[in-house]
Amino acid sequence: MAESICRSLRDGALEGELAPTLTIKDSLASPFAFDVFSHILLQLSSNIMARKFQSHGVVIVALSRSPLSYAALLKMKGVDVASSNKWIHILDCYTDPLGWKEKTRKSGNVTDPSHQISVDTTSYKTVKDMDKLFLVITELGKGLVGQNKARFCVAIDSLSELLRHSSLQSVASLLSNLRSHDQISSIFGLLHSDLHEEKAAAVLEYMSSMVASVEPFHHSADGQRGNLENTISEQNLIKGKFNVRFKRRNGRVRVTCEEFKVEPEGISFTSVSSVDGATIAGLVPKVQFNLQLSEKERIDRAKVVLPFEHQGNGKPIQIYDGRKSLEENSNEATPISSGKKEDSAMGEIIYFRDSDDEMPDSDEDPDDDLDI
């Protein structure tokens, strides 16, 4: 449901609501979260240029990639980098996150590569300060869209880097402030979940309205050896499963699953309904009984005579009264019928009394002895 994610981020936040937030998780077994991140960034960039996005700009917080790599990504996908300065701004937290290179540069040993970047870039050298980072992000966004009610999007390419430099509480406070800002329409970020404790991942997932998990296509089972294990490893290098959990405004949760494949031209997604049956079978909960019928069971089921299929064999049609067999009823009681012939095509009502004490029906009122 990659398109659903892009649509939710594109629609943005309603007035008075928190901005929709996406957390993209991956692990060493399937390290393709940045491919998903790049795909979403390019889709939203196209929507901004086509004026189909609530946001009028995007601020990229670059922590794991250099600004040059983003300029190359945009250029490779056909985005006019020269005009991108009107709607995109990169906050460079990658080149010198702690300000160490700045001290070395003053001594003349390091050159400043910022002049090589064709996209508007601002260096940030105090990543540990989350409060200052929030102020810088909002100021850059306002510089793109102005001080009016226009909105902008925030893309953080590595929440793991923020957690490495600062505490979980500080990072959670940063995300909370970004979500509640009036001019931020949506937020999405990347998290390497296997680098952190489960508590950190759980907190970020709780704060996100969407959580996308990148998982390996096949998990290697214990005891697998040789060519089979090599084949599974090769498949996990190019494809995997993309699970998304949406938290709706009414509190309901919707979970979807897709298959993705990483190719030289980019990442592509395929719905589960069009993949092989093994993938679909893996989504069915494991139960203690078989949900499918064998061939013998199908034959035995076809031989079962249903209650309404025992008639029409040439014998007189009789209705079983629920107490005695049809053979006994034929000897002890005489059916009251309409007098028509048995071979008549008309319907026939057959009635058996419950007992000899039963009085025949009459027009008398059974309640006329009551004082009403």
# chains A, B, ... in the order shown; residues from 1 in each chain; ligands from 1
$ residues_around --residues "Cys93 in chain A" --least-positions-apart "3" --cutoff "6 Å" --atoms "only C-alpha atoms" --output "ChimeraX atom specification"
/A:62-63,97,124
$ write_last_selection --atoms "N, CA, C and O atoms" --output "short mmCIF file (atom, residue, chain, number, x, y, z; two decimals), in the first residue's frame"
data_model
loop_
_atom_site.label_atom_id
_atom_site.label_comp_id
_atom_site.auth_asym_id
_atom_site.auth_seq_id
_atom_site.Cartn_x
_atom_site.Cartn_y
_atom_site.Cartn_z
N ALA A 62 18.84 15.71 6.54
CA ALA A 62 19.79 14.71 6.04
C ALA A 62 20.74 14.32 7.16
O ALA A 62 21.61 15.10 7.55
N LEU A 63 20.58 13.09 7.66
CA LEU A 63 21.42 12.59 8.74
C LEU A 63 22.29 11.41 8.29
O LEU A 63 23.38 11.21 8.82
N PRO A 97 27.89 16.77 11.94
CA PRO A 97 26.79 16.79 12.91
C PRO A 97 27.16 17.36 14.28
O PRO A 97 26.29 17.88 14.98
N TYR A 124 23.96 22.13 9.80
CA TYR A 124 23.55 22.08 11.20
C TYR A 124 24.59 21.27 11.96
O TYR A 124 24.84 20.10 11.63
#
$ residues_around --residues "Gly240 in chain A" --least-positions-apart "2" --cutoff "10 Å" --atoms "only C-alpha atoms" --output "list of chain:residue names"
A:Ala29, A:Ser30, A:Pro31, A:Phe32, A:Val214, A:Glu215, A:Pro216, A:Phe217, A:His218, A:Gln235, A:Asn236, A:Leu237, A:Ile238, A:Phe242, A:Asn243, A:Glu258, A:Glu259, A:Phe260, A:Lys261, A:Val262, A:Phe269
$ residues_around --residues "Lys247 in chain A" --least-positions-apart "3" --cutoff "7 Å" --atoms "only C-alpha atoms" --output "PyMOL selection string"
chain A and resi 209-210+251-254
$ write_last_selection --atoms "C-alpha atoms" --output "mmCIF file, in the first residue's frame"
data_model
loop_
_atom_site.group_PDB
_atom_site.id
_atom_site.type_symbol
_atom_site.label_atom_id
_atom_site.label_comp_id
_atom_site.auth_asym_id
_atom_site.auth_seq_id
_atom_site.Cartn_x
_atom_site.Cartn_y
_atom_site.Cartn_z
ATOM 1 C CA SER A 209 -0.241 7.323 12.373
ATOM 2 C CA MET A 210 1.358 4.925 9.850
ATOM 3 C CA GLY A 251 -9.223 4.562 16.418
ATOM 4 C CA ARG A 252 -9.507 1.586 14.068
ATOM 5 C CA VAL A 253 -6.381 -0.070 12.687
ATOM 6 C CA ARG A 254 -5.972 -1.404 9.151
#
$ closest_residue --among "A:Leu195, A:Ser38, A:Gly347, A:Ser271" --to "Met76 in chain A" --atoms "only C-alpha atoms"
A:Ser38
$ residues_around --residues "Ser84 in chain A" --least-positions-apart "2" --cutoff "12 Å" --atoms "only C-alpha atoms" --output "ChimeraX atom specification"
/A:45-46,48-49,56-59,70-71,74-75,78-82,86-90,118-121,144
